[in-house]
Amino acid sequence: MAPRIVRKKTGNFLEDFKPGQVFRHKGGKTVTEGLFALFTDFSMATNPLSKNARYARAHGYRDIVCPPGLVMVTAFSQTVEDISENARANLEYIDMRYGAPVYIGDTIEVETRILGVRPSSSRPNLGIVHVQSTARKNLGADDEAVVMTWQRKVQVYKKDDAITVTGFDIEPEKVDCPLWLPAYDPKTDYASLEHLSSRDSYFEDLEPGTRIEHSRGRTVTEEHIQLTGILDNTSQVHCNQQMIDWNPKQYVGGKLIIFGGLPFILCLGLSGPDVGDNALGDVVYKTGRHTAPLFAGDTVFAATEILEKHDYPERPDLGLVETRLFGHKFEPDPGATNEEAPEGWKKTPIFELDRQIAVKRRSHYGG
Amino acid sequence: MAPRIVRKKTGNFLEDFKPGQVFRHKGGKTVTEGLFALFTDFSMATNPLSKNARYARAHGYRDIVCPPGLVMVTAFSQTVEDISENARANLEYIDMRYGAPVYIGDTIEVETRILGVRPSSSRPNLGIVHVQSTARKNLGADDEAVVMTWQRKVQVYKKDDAITVTGFDIEPEKVDCPLWLPAYDPKTDYASLEHLSSRDSYFEDLEPGTRIEHSRGRTVTEEHIQLTGILDNTSQVHCNQQMIDWNPKQYVGGKLIIFGGLPFILCLGLSGPDVGDNALGDVVYKTGRHTAPLFAGDTVFAATEILEKHDYPERPDLGLVETRLFGHKFEPDPGATNEEAPEGWKKTPIFELDRQIAVKRRSHYGG
Amino acid sequence: MAPRIVRKKTGNFLEDFKPGQVFRHKGGKTVTEGLFALFTDFSMATNPLSKNARYARAHGYRDIVCPPGLVMVTAFSQTVEDISENARANLEYIDMRYGAPVYIGDTIEVETRILGVRPSSSRPNLGIVHVQSTARKNLGADDEAVVMTWQRKVQVYKKDDAITVTGFDIEPEKVDCPLWLPAYDPKTDYASLEHLSSRDSYFEDLEPGTRIEHSRGRTVTEEHIQLTGILDNTSQVHCNQQMIDWNPKQYVGGKLIIFGGLPFILCLGLSGPDVGDNALGDVVYKTGRHTAPLFAGDTVFAATEILEKHDYPERPDLGLVETRLFGHKFEPDPGATNEEAPEGWKKTPIFELDRQIAVKRRSHYGG
């Protein structure tokens with residue numbers, strides 16, 4: 001007898017989300033040295049806190065510490081199956097805050113609350129879902145710490161285009177997510193470590209009103225398929241070429257699109273030598289968005305605008321720097337002119353992130 | 001003086017194998033966190049026992065545990081140099097059984113006994129070799145445990161086509177390979193962990209007579225060359241494009257063929273959310289085979305038929321489920337019609353595995 | 001107000017280097033299991049000292065030990081930003097010596113002294129820089145050990161072609177870098193481990209006057225971009241396709257060139273079964289060079305000439321073997337004839353390394 005066929009549809013669709021609904025995401029993820037090496041180093045991250053255990057320990061971390069980008073892609077990916085496996089595009093990051101540091105061996109678990117749904121007026125087959133996610137790590141028997149919390153807005157397909165979806169919008173919860181930073185220890189000889197990070201990216205060096213064009217570029221290859229899988233990001237638009245080939249018009253660019261977390265962390269990495277090397281931590285990304293898709297073969301470049309500087313409360317050794325991180329690529333465009341590229345190439349912005357960082361002062365850490 | 005040239009031929013050929021001959025394979029392999037992350041996550045494995053250390057420990061494992069697919073490709077690859085470096089294709093897996101769990105840091109060593117040789121009647125340049133392999137891990141000074149044992153049949157080339165090879169066939173050895181599973185502990189609050197695995201894949205949910213078409217697909221890229229190398233699988237048909245280019249007719253498809261272990265573990269992974277998430281262990285693969293080759297660019301899909309269910313002896317918390325795992329891909333074929341694909345695409349079965357799993361009962365682990 | 005644009009140029013140019021100048025390189029790198037697995041296994045390294053913890057410990061190492069190739073690419077890459085981020089090609093390795101073993105968890109930091117600059121007479125936009133680099137690992141509070149020291153010559157571009165650069169040439173420093181090898185312990189049953197390495201690569205087997213053509217080849221894919229990034233090698237000629245596309249004539253082959261460290265360690269790996277499996281350590285590479293560029297899609301092959309054998313002072317269990325390691329690839333060339341390839345293919349040497357290894361004697365380690 002022929003078996004009964006069961007076709008499970010994974011993930012949720014626009015019509016599935018309810019106000020205040022909470023998803024405790026499956027899986028969870030223990031950070032291995034394999035994950036750490038792939039993502040910290042792939043992304044050209046340069047802050048020695050994530051490279052050099054001797055340096056990290058001297059600064060008061062227990063060991064090399066996951067760079068913010070790795071925490072972000074790991075935590076974010078845990079939410080994909082429930083929230084965005086059936087998404088068209090991720091639209092916006094909001095109030096993305098960091099808390100406890102994440103070390104190799106820590107296990108991250110994530111939950112997400114549904115804040116809003118807004119059906120599209122122009123595209124009856126999709127709408128926008130607004131969510132709030134929080135990632136925690138286990139601290140032993142019954143204790144845990146928030147490592148990250150954020151909101152995002154994402155464009156999600158309906159399962160049944162004919163269904164009418166009623167929009168809603170509720171307030172986010174207040175999530176306590178204090179950034180843990182190691183204390184300044186006057187007995188530590190920080191100056192003896194100074195050569196390990198860049199010498200011109202202390203708080204004193206970052207000048208509001210400047211835009212630093214970071215010098216390096218990085219071409220992303222088909223590696224993105226594997227990298228995305230390794231993050232447990234199950235969205236099919238990143239890894240299922242067959243699905244795209246059968247219906248290219250349905251998908252952005254008619255190609256496998258690169259998971260936004262990859263240009264996100266690559267831009268963070270490319271900015272490293274100029275603005276990240278002496279950051280003790282990333283505090284908050286108030287808002288961020290992907291402004292164009294990235295495909296295999298594209299080369300990612302980045303720039304940072306220094307917006308404002310402030311004292312860090314009760315930490316005379318640190319300062320807070322408000323920056324805006326930009327990612328871009330270049331595309332052939334006959335007739336285009338651009339001071340950064342040969343004729344016939346246009347500069348396409350791909351990413352933008354309002355990024356607040358806690359930066360060491362040369363007065364306290366320099367030689 | 002010109003040096004004397006030595007050309008070593010690595011691996012054995014059809015004429016080299018003798019009845020009962022035992023190969024203790026070179027190398028051995030210590031499972032690092034790098035190997036663990038690459039293969040556990042590449043393959044879209046979803047069982048939290050291999051993802052989440054908190055979950056694995058609560059279930060009685062010492063730490064996150066290698067998924068069956070990782071144990072299989074690691075152990076199998078150790079046998080390639082001696083048995084199948086000069087193979088055309090791997091034909092069949094037989095009685096593939098799991099024993100002790102494998103953790104990060106364990107060292108796996110493998111030996112193989114030659115059970116049979118059967119020269120091909122139609123192709124004078126090759127024949128079938130039947131072998132029995134056993135993988136052990138070291139448990140300290142003088143102790144060890146069997147982690148896996150299996151037979152396979154593989155098509156191997158002759159070194160010298162003119163040699164007449166006499167076939168033989170001997171009995172397999174009895175290999176003791178008891179599956180270790182953690183005990184059920186009534187004091188553990190399993191229900192508090194339930195959200196971390198899928199909610200509809202308990203023993204009670206798996207219905208004989210159904211076929212579950214798993215929803216995800218995964219495109220395999222040229223990454224396969226590196227992945228295969230990282231497993232110490234030295235077969236040249238997976239990684240030596242030059243050899244293929246010089247003599248494409250000699251090789252399946254005239255292209256680098258993807259190591260069968262990769263679709264094997266990918267099919268296991270793709271089936272995860274529907275049938276693997278609540279398996280406490282894979283018990284035995286009674287038989288399995290690759291039915292078509294896989295090449296870079298192909299997208300792998302999987303389905304599982306639930307065949308039978310049984311009680312698990314002396315474990316009221318578990319049940320045994322007999323399943324058949326299928327892998328397939330789609331190929332362009334003008335005029336083909338298929339309910340799962342647009343017109344002009346045929347569905348090509350690539351893999352089949354009779355798979356018995358030990359699955360948790362909701363009555364004992366559910367909330 | 002539009003921000004002030006800052007364009008930082010990373011790395012140094014020919015006109016920047018001064019006699020005796022010392023760079024203490026940024027970053028440093030803690031060897032993770034991720035890095036270890038990727039590079040040890042990617043490169044087809046076969047020595048069980050780097051594969052099998054049981055074997056390594058029985059030989060007196062504390063754990064699986066980084067193969068020489070991994071130490072080399074890790075240490076070398078640390079020097080790229082300061083020395084060769086703006087290089088055209090790496091020309092020559094000189095007196096590359098190994099010292100203390102490197103284990104997972106060790107942190108490597110590197111410094112480089114500038115020994116010479118020689119402007120090119122034929123190409124006014126570049127010249128050769130001669131440097132001496134030393135890599136150390138931290139051994140706790142205030143102690144450290146030299147793990148590697150080497151000189152290299154590299155072709156570096158000028159920032160300003162119009163500047164006249166005056167050449168110089170100073171003596172290298174004497175760097176103490178004693179090779180640490182585990183002692184021979186007569187109480188260890190080495191013979192019981194013999195099957196784990198190749199049986200015909202003991203000191204007694206390696207015959208001066210022979211050239212061993214290693215049987216395997218390995219195609220390098222676009223994976224090289226990620227692998228190079230993971231090493232923190234920031235040179236743009238390996239990873240920035242956009243830069244190449246805009247100005248292909250400026251770059252070797254008009255394509256992304258593969259970081260020389262990759263064919264370097266791949267040739268070491270390919271030679272493993274025949275000459276490396278029973279080496280207890282690599283002692284020194286007196287000289288080495290890349291003789292042709294490698295690009296994605298090329299297949300690497302290797303051969304080893306055995307030049308001389310000597311006793312190892314005060315170690316009757318070991319011998320010193322002087323070898324020359326060759327790498328090559330094949331390129332289409334109408335009309336070319338070659339005994340190793342079909343008509344129409346020429347053999348292109350890509351790499352050459354004078355390599356001295358400390359090899360176990362069968363008399364002491366064999367069964």
# chains A, B, ... in the order shown; residues from 1 in each chain; ligands from 1
>>> interface_residues(of="chain C", to="chain A", cutoff="7 Å", atoms="only C-alpha atoms", output="count of residues only")
30
>>> residues_around(residues="A:Cys177", least_positions_apart="2", cutoff="8 Å", atoms="only C-alpha atoms", output="JSON, numbers by chain")
{"A": [97, 98, 99, 100, 146, 147, 148, 149, 175, 179]}
>>> residues_around(residues="C:Ser121", least_positions_apart="6", cutoff="12 Å", atoms="only C-alpha atoms", output="PyMOL selection string")
chain C and resi 127-128+164-167
>>> atom_distance(atom1="atom CA of C:Ser133", atom2="atom CA of C:Gln151")
6.1 Å
>>> closest_residue(among="C:Asn338, C:Ser363, C:Gln155, C:Gln356", to="C:Ala191", atoms="only C-alpha atoms")
C:Ser363
>>> atom_distance(atom1="atom CA of C:His364", atom2="atom CA of C:Leu318")
8.3 Å
>>> select_by_dssp(residues="stretch 90-271 of chain B", states="helix (DSSP H, G or I)", output="PDB file with C-alpha atoms, in the first residue's frame")
ATOM      1  CA  TYR B 190      12.588  16.971  30.755  1.00  0.00           C
ATOM      2  CA  ALA B 191       9.432  18.960  30.059  1.00  0.00           C
ATOM      3  CA  SER B 192      11.277  22.200  30.741  1.00  0.00           C
ATOM      4  CA  LEU B 193      13.506  21.429  27.745  1.00  0.00           C
ATOM      5  CA  GLU B 194      10.764  20.345  25.421  1.00  0.00           C
ATOM      6  CA  HIS B 195      10.603  23.591  23.447  1.00  0.00           C
ATOM      7  CA  LEU B 196      14.176  23.046  22.253  1.00  0.00           C
ATOM      8  CA  PHE B 203       7.416   8.148  19.240  1.00  0.00           C
ATOM      9  CA  GLU B 204       3.681   8.725  19.510  1.00  0.00           C
ATOM     10  CA  ASP B 205       3.748  11.049  16.468  1.00  0.00           C
ATOM     11  CA  GLU B 223      32.720  23.187  -0.682  1.00  0.00           C
ATOM     12  CA  HIS B 224      32.533  19.407  -1.001  1.00  0.00           C
ATOM     13  CA  ILE B 225      36.200  19.252  -1.988  1.00  0.00           C
ATOM     14  CA  GLN B 226      37.354  20.867   1.229  1.00  0.00           C
ATOM     15  CA  LEU B 227      34.853  19.037   3.418  1.00  0.00           C
ATOM     16  CA  THR B 228      36.019  15.714   2.034  1.00  0.00           C
ATOM     17  CA  GLY B 229      39.656  16.618   2.593  1.00  0.00           C
ATOM     18  CA  ILE B 230      38.938  17.648   6.171  1.00  0.00           C
ATOM     19  CA  GLN B 236      41.012  11.394  -5.853  1.00  0.00           C
ATOM     20  CA  VAL B 237      37.619  11.347  -7.575  1.00  0.00           C
ATOM     21  CA  HIS B 238      36.444  13.917  -5.052  1.00  0.00           C
ATOM     22  CA  GLN B 241      39.986  17.993 -11.141  1.00  0.00           C
ATOM     23  CA  GLN B 242      43.102  17.586 -13.274  1.00  0.00           C
ATOM     24  CA  MET B 243      42.803  13.796 -13.242  1.00  0.00           C
ATOM     25  CA  ILE B 244      39.170  14.087 -14.333  1.00  0.00           C
ATOM     26  CA  ASP B 245      39.916  16.613 -17.075  1.00  0.00           C
ATOM     27  CA  TRP B 246      42.479  14.304 -18.637  1.00  0.00           C
ATOM     28  CA  PRO B 248      36.598  12.278 -18.157  1.00  0.00           C
ATOM     29  CA  LYS B 249      35.102   9.105 -19.636  1.00  0.00           C
ATOM     30  CA  GLN B 250      36.781   7.061 -16.944  1.00  0.00           C
ATOM     31  CA  VAL B 252      31.190   8.899 -13.219  1.00  0.00           C
ATOM     32  CA  GLY B 253      29.591  11.857 -14.973  1.00  0.00           C
ATOM     33  CA  GLY B 254      32.947  13.095 -16.204  1.00  0.00           C
ATOM     34  CA  GLY B 261      29.128  10.599   2.974  1.00  0.00           C
ATOM     35  CA  LEU B 262      28.033  14.173   2.315  1.00  0.00           C
ATOM     36  CA  PRO B 263      24.573  13.442   0.850  1.00  0.00           C
ATOM     37  CA  PHE B 264      24.317  10.700   3.506  1.00  0.00           C
ATOM     38  CA  ILE B 265      24.633  13.132   6.391  1.00  0.00           C
ATOM     39  CA  LEU B 266      22.752  15.860   4.584  1.00  0.00           C
ATOM     40  CA  CYS B 267      19.726  13.558   4.187  1.00  0.00           C
ATOM     41  CA  LEU B 268      19.959  12.709   7.890  1.00  0.00           C
ATOM     42  CA  GLY B 269      20.100  16.422   8.648  1.00  0.00           C
ATOM     43  CA  LEU B 270      17.218  17.397   6.366  1.00  0.00           C
TER      44      LEU B 270
END
>>> select_by_dssp(residues="stretch 165-348 of chain B", states="strand (DSSP E)", output="PyMOL selection string")
chain B and resi 168-169+210-213+218-219+279-290+299-311+318-332+345-348
>>> write_last_selection(atoms="C-alpha atoms", output="mmCIF file, in the first residue's frame")
data_model
loop_
_atom_site.group_PDB
_atom_site.id
_atom_site.type_symbol
_atom_site.label_atom_id
_atom_site.label_comp_id
_atom_site.auth_asym_id
_atom_site.auth_seq_id
_atom_site.Cartn_x
_atom_site.Cartn_y
_atom_site.Cartn_z
ATOM 1 C CA PHE B 168 35.892 -15.189 -2.700
ATOM 2 C CA ASP B 169 33.305 -14.675 0.006
ATOM 3 C CA THR B 210 3.215 7.700 6.220
ATOM 4 C CA ARG B 211 5.874 9.272 4.084
ATOM 5 C CA ILE B 212 7.113 12.660 5.247
ATOM 6 C CA GLU B 213 8.477 14.890 2.497
ATOM 7 C CA ARG B 218 20.317 22.315 0.412
ATOM 8 C CA THR B 219 22.531 23.069 -2.570
ATOM 9 C CA ALA B 279 15.732 10.492 18.673
ATOM 10 C CA LEU B 280 17.989 9.620 21.579
ATOM 11 C CA GLY B 281 20.190 7.692 19.146
ATOM 12 C CA ASP B 282 20.384 5.996 15.772
ATOM 13 C CA VAL B 283 20.518 2.236 16.308
ATOM 14 C CA VAL B 284 21.264 0.586 12.995
ATOM 15 C CA TYR B 285 21.125 1.197 9.258
ATOM 16 C CA LYS B 286 20.334 -2.279 7.997
ATOM 17 C CA THR B 287 21.069 -1.404 4.419
ATOM 18 C CA GLY B 288 21.665 1.680 2.326
ATOM 19 C CA ARG B 289 22.887 2.733 -1.071
ATOM 20 C CA HIS B 290 23.612 5.646 -3.355
ATOM 21 C CA THR B 299 20.289 20.533 -4.514
ATOM 22 C CA VAL B 300 19.545 17.668 -2.105
ATOM 23 C CA PHE B 301 16.048 16.938 -0.782
ATOM 24 C CA ALA B 302 14.945 14.148 1.541
ATOM 25 C CA ALA B 303 11.897 12.169 2.603
ATOM 26 C CA THR B 304 11.265 9.557 5.302
ATOM 27 C CA GLU B 305 8.854 6.651 5.258
ATOM 28 C CA ILE B 306 7.748 5.400 8.666
ATOM 29 C CA LEU B 307 7.665 1.622 8.314
ATOM 30 C CA GLU B 308 7.104 0.061 11.751
ATOM 31 C CA LYS B 309 7.170 0.864 15.435
ATOM 32 C CA HIS B 310 8.198 -1.360 18.345
ATOM 33 C CA ASP B 311 8.752 -1.137 22.061
ATOM 34 C CA LEU B 318 11.642 4.919 24.381
ATOM 35 C CA GLY B 319 10.398 3.219 21.238
ATOM 36 C CA LEU B 320 12.092 1.787 18.174
ATOM 37 C CA VAL B 321 11.050 3.209 14.831
ATOM 38 C CA GLU B 322 11.899 1.544 11.525
ATOM 39 C CA THR B 323 12.177 4.163 8.810
ATOM 40 C CA ARG B 324 13.413 4.445 5.273
ATOM 41 C CA LEU B 325 15.265 7.634 4.456
ATOM 42 C CA PHE B 326 15.307 8.784 0.840
ATOM 43 C CA GLY B 327 17.414 11.442 -0.842
ATOM 44 C CA HIS B 328 16.684 12.933 -4.213
ATOM 45 C CA LYS B 329 17.556 15.733 -6.563
ATOM 46 C CA PHE B 330 15.919 17.150 -9.672
ATOM 47 C CA GLU B 331 17.391 17.159 -13.159
ATOM 48 C CA PRO B 332 16.230 18.936 -16.306
ATOM 49 C CA TRP B 345 12.205 18.338 -14.438
ATOM 50 C CA LYS B 346 12.567 14.748 -13.361
ATOM 51 C CA LYS B 347 13.069 13.593 -9.800
ATOM 52 C CA THR B 348 16.222 11.500 -9.434
#
>>> atom_distance(atom1="atom CA of A:Ile170", atom2="atom CA of A:Ser77")
23.8 Å
>>> closest_residue(among="A:Asp200, A:Leu126, A:Arg152, A:Leu115", to="A:Gly272", atoms="only C-alpha atoms")
A:Asp200
>>> decode(residues="stretch 320-331 of chain B", atoms="all heavy atoms", output="mmCIF file, in the first residue's frame")
data_model
loop_
_atom_site.group_PDB
_atom_site.id
_atom_site.type_symbol
_atom_site.label_atom_id
_atom_site.label_comp_id
_atom_site.auth_asym_id
_atom_site.auth_seq_id
_atom_site.Cartn_x
_atom_site.Cartn_y
_atom_site.Cartn_z
ATOM 1 N N LEU B 320 11.253 1.987 19.358
ATOM 2 C CA LEU B 320 12.092 1.787 18.174
ATOM 3 C C LEU B 320 11.246 2.079 16.946
ATOM 4 O O LEU B 320 10.143 1.558 16.806
ATOM 5 C CB LEU B 320 12.564 0.338 18.110
ATOM 6 C CG LEU B 320 13.774 -0.006 18.969
ATOM 7 C CD1 LEU B 320 13.967 -1.525 19.006
ATOM 8 C CD2 LEU B 320 15.030 0.679 18.434
ATOM 9 N N VAL B 321 11.777 2.878 16.048
ATOM 10 C CA VAL B 321 11.050 3.209 14.831
ATOM 11 C C VAL B 321 11.886 2.774 13.631
ATOM 12 O O VAL B 321 13.061 3.119 13.524
ATOM 13 C CB VAL B 321 10.727 4.712 14.746
ATOM 14 C CG1 VAL B 321 9.880 5.013 13.512
ATOM 15 C CG2 VAL B 321 10.005 5.167 16.004
ATOM 16 N N GLU B 322 11.248 1.951 12.780
ATOM 17 C CA GLU B 322 11.899 1.544 11.525
ATOM 18 C C GLU B 322 11.491 2.550 10.462
ATOM 19 O O GLU B 322 10.300 2.752 10.212
ATOM 20 C CB GLU B 322 11.426 0.159 11.078
ATOM 21 C CG GLU B 322 11.493 -0.923 12.134
ATOM 22 C CD GLU B 322 12.899 -1.448 12.326
ATOM 23 O OE1 GLU B 322 13.795 -1.104 11.521
ATOM 24 O OE2 GLU B 322 13.114 -2.185 13.306
ATOM 25 N N THR B 323 12.482 3.170 9.846
ATOM 26 C CA THR B 323 12.177 4.163 8.810
ATOM 27 C C THR B 323 12.989 3.860 7.552
ATOM 28 O O THR B 323 13.945 3.084 7.597
ATOM 29 C CB THR B 323 12.544 5.591 9.266
ATOM 30 O OG1 THR B 323 13.965 5.706 9.257
ATOM 31 C CG2 THR B 323 12.017 5.897 10.656
ATOM 32 N N ARG B 324 12.574 4.465 6.472
ATOM 33 C CA ARG B 324 13.413 4.445 5.273
ATOM 34 C C ARG B 324 13.622 5.890 4.849
ATOM 35 O O ARG B 324 12.670 6.637 4.636
ATOM 36 C CB ARG B 324 12.767 3.627 4.150
ATOM 37 C CG ARG B 324 13.718 3.395 2.975
ATOM 38 C CD ARG B 324 13.232 2.275 2.059
ATOM 39 N NE ARG B 324 13.263 0.994 2.748
ATOM 40 C CZ ARG B 324 12.349 0.024 2.586
ATOM 41 N NH1 ARG B 324 11.340 0.204 1.748
ATOM 42 N NH2 ARG B 324 12.457 -1.105 3.252
ATOM 43 N N LEU B 325 14.906 6.259 4.805
ATOM 44 C CA LEU B 325 15.265 7.634 4.456
ATOM 45 C C LEU B 325 15.619 7.688 2.979
ATOM 46 O O LEU B 325 16.408 6.867 2.489
ATOM 47 C CB LEU B 325 16.470 8.062 5.309
ATOM 48 C CG LEU B 325 17.119 9.417 5.035
ATOM 49 C CD1 LEU B 325 16.147 10.571 5.299
ATOM 50 C CD2 LEU B 325 18.377 9.576 5.895
ATOM 51 N N PHE B 326 15.046 8.633 2.268
ATOM 52 C CA PHE B 326 15.307 8.784 0.840
ATOM 53 C C PHE B 326 15.937 10.146 0.565
ATOM 54 O O PHE B 326 15.534 11.156 1.150
ATOM 55 C CB PHE B 326 13.987 8.732 0.042
ATOM 56 C CG PHE B 326 13.256 7.439 0.145
ATOM 57 C CD1 PHE B 326 12.300 7.238 1.132
ATOM 58 C CD2 PHE B 326 13.526 6.410 -0.754
ATOM 59 C CE1 PHE B 326 11.614 6.029 1.224
ATOM 60 C CE2 PHE B 326 12.845 5.206 -0.658
ATOM 61 C CZ PHE B 326 11.890 5.011 0.341
ATOM 62 N N GLY B 327 16.889 10.174 -0.336
ATOM 63 C CA GLY B 327 17.414 11.442 -0.842
ATOM 64 C C GLY B 327 17.108 11.551 -2.322
ATOM 65 O O GLY B 327 17.073 10.540 -3.026
ATOM 66 N N HIS B 328 16.887 12.768 -2.773
ATOM 67 C CA HIS B 328 16.684 12.933 -4.213
ATOM 68 C C HIS B 328 17.123 14.315 -4.651
ATOM 69 O O HIS B 328 17.338 15.219 -3.837
ATOM 70 C CB HIS B 328 15.222 12.684 -4.596
ATOM 71 C CG HIS B 328 14.237 13.543 -3.883
ATOM 72 N ND1 HIS B 328 13.671 13.208 -2.675
ATOM 73 C CD2 HIS B 328 13.710 14.745 -4.198
ATOM 74 C CE1 HIS B 328 12.838 14.152 -2.285
ATOM 75 N NE2 HIS B 328 12.843 15.095 -3.178
ATOM 76 N N LYS B 329 17.287 14.427 -5.953
ATOM 77 C CA LYS B 329 17.556 15.733 -6.563
ATOM 78 C C LYS B 329 16.684 15.839 -7.799
ATOM 79 O O LYS B 329 15.979 14.885 -8.152
ATOM 80 C CB LYS B 329 19.038 15.862 -6.909
ATOM 81 C CG LYS B 329 19.533 14.893 -7.983
ATOM 82 C CD LYS B 329 21.016 15.139 -8.296
ATOM 83 C CE LYS B 329 21.492 14.229 -9.426
ATOM 84 N NZ LYS B 329 22.916 14.449 -9.755
ATOM 85 N N PHE B 330 16.681 16.967 -8.440
ATOM 86 C CA PHE B 330 15.919 17.150 -9.672
ATOM 87 C C PHE B 330 16.876 17.469 -10.808
ATOM 88 O O PHE B 330 17.862 18.177 -10.612
ATOM 89 C CB PHE B 330 14.882 18.269 -9.496
ATOM 90 C CG PHE B 330 13.802 17.914 -8.502
ATOM 91 C CD1 PHE B 330 13.948 18.222 -7.160
ATOM 92 C CD2 PHE B 330 12.663 17.228 -8.910
ATOM 93 C CE1 PHE B 330 12.964 17.875 -6.234
ATOM 94 C CE2 PHE B 330 11.674 16.877 -7.984
ATOM 95 C CZ PHE B 330 11.828 17.202 -6.649
ATOM 96 N N GLU B 331 16.553 16.907 -11.980
ATOM 97 C CA GLU B 331 17.391 17.159 -13.159
ATOM 98 C C GLU B 331 16.505 17.598 -14.315
ATOM 99 O O GLU B 331 15.399 17.094 -14.485
ATOM 100 C CB GLU B 331 18.138 15.888 -13.550
ATOM 101 C CG GLU B 331 19.156 15.452 -12.509
ATOM 102 C CD GLU B 331 19.861 14.163 -12.898
ATOM 103 O OE1 GLU B 331 19.193 13.101 -12.937
ATOM 104 O OE2 GLU B 331 21.071 14.233 -13.176
#
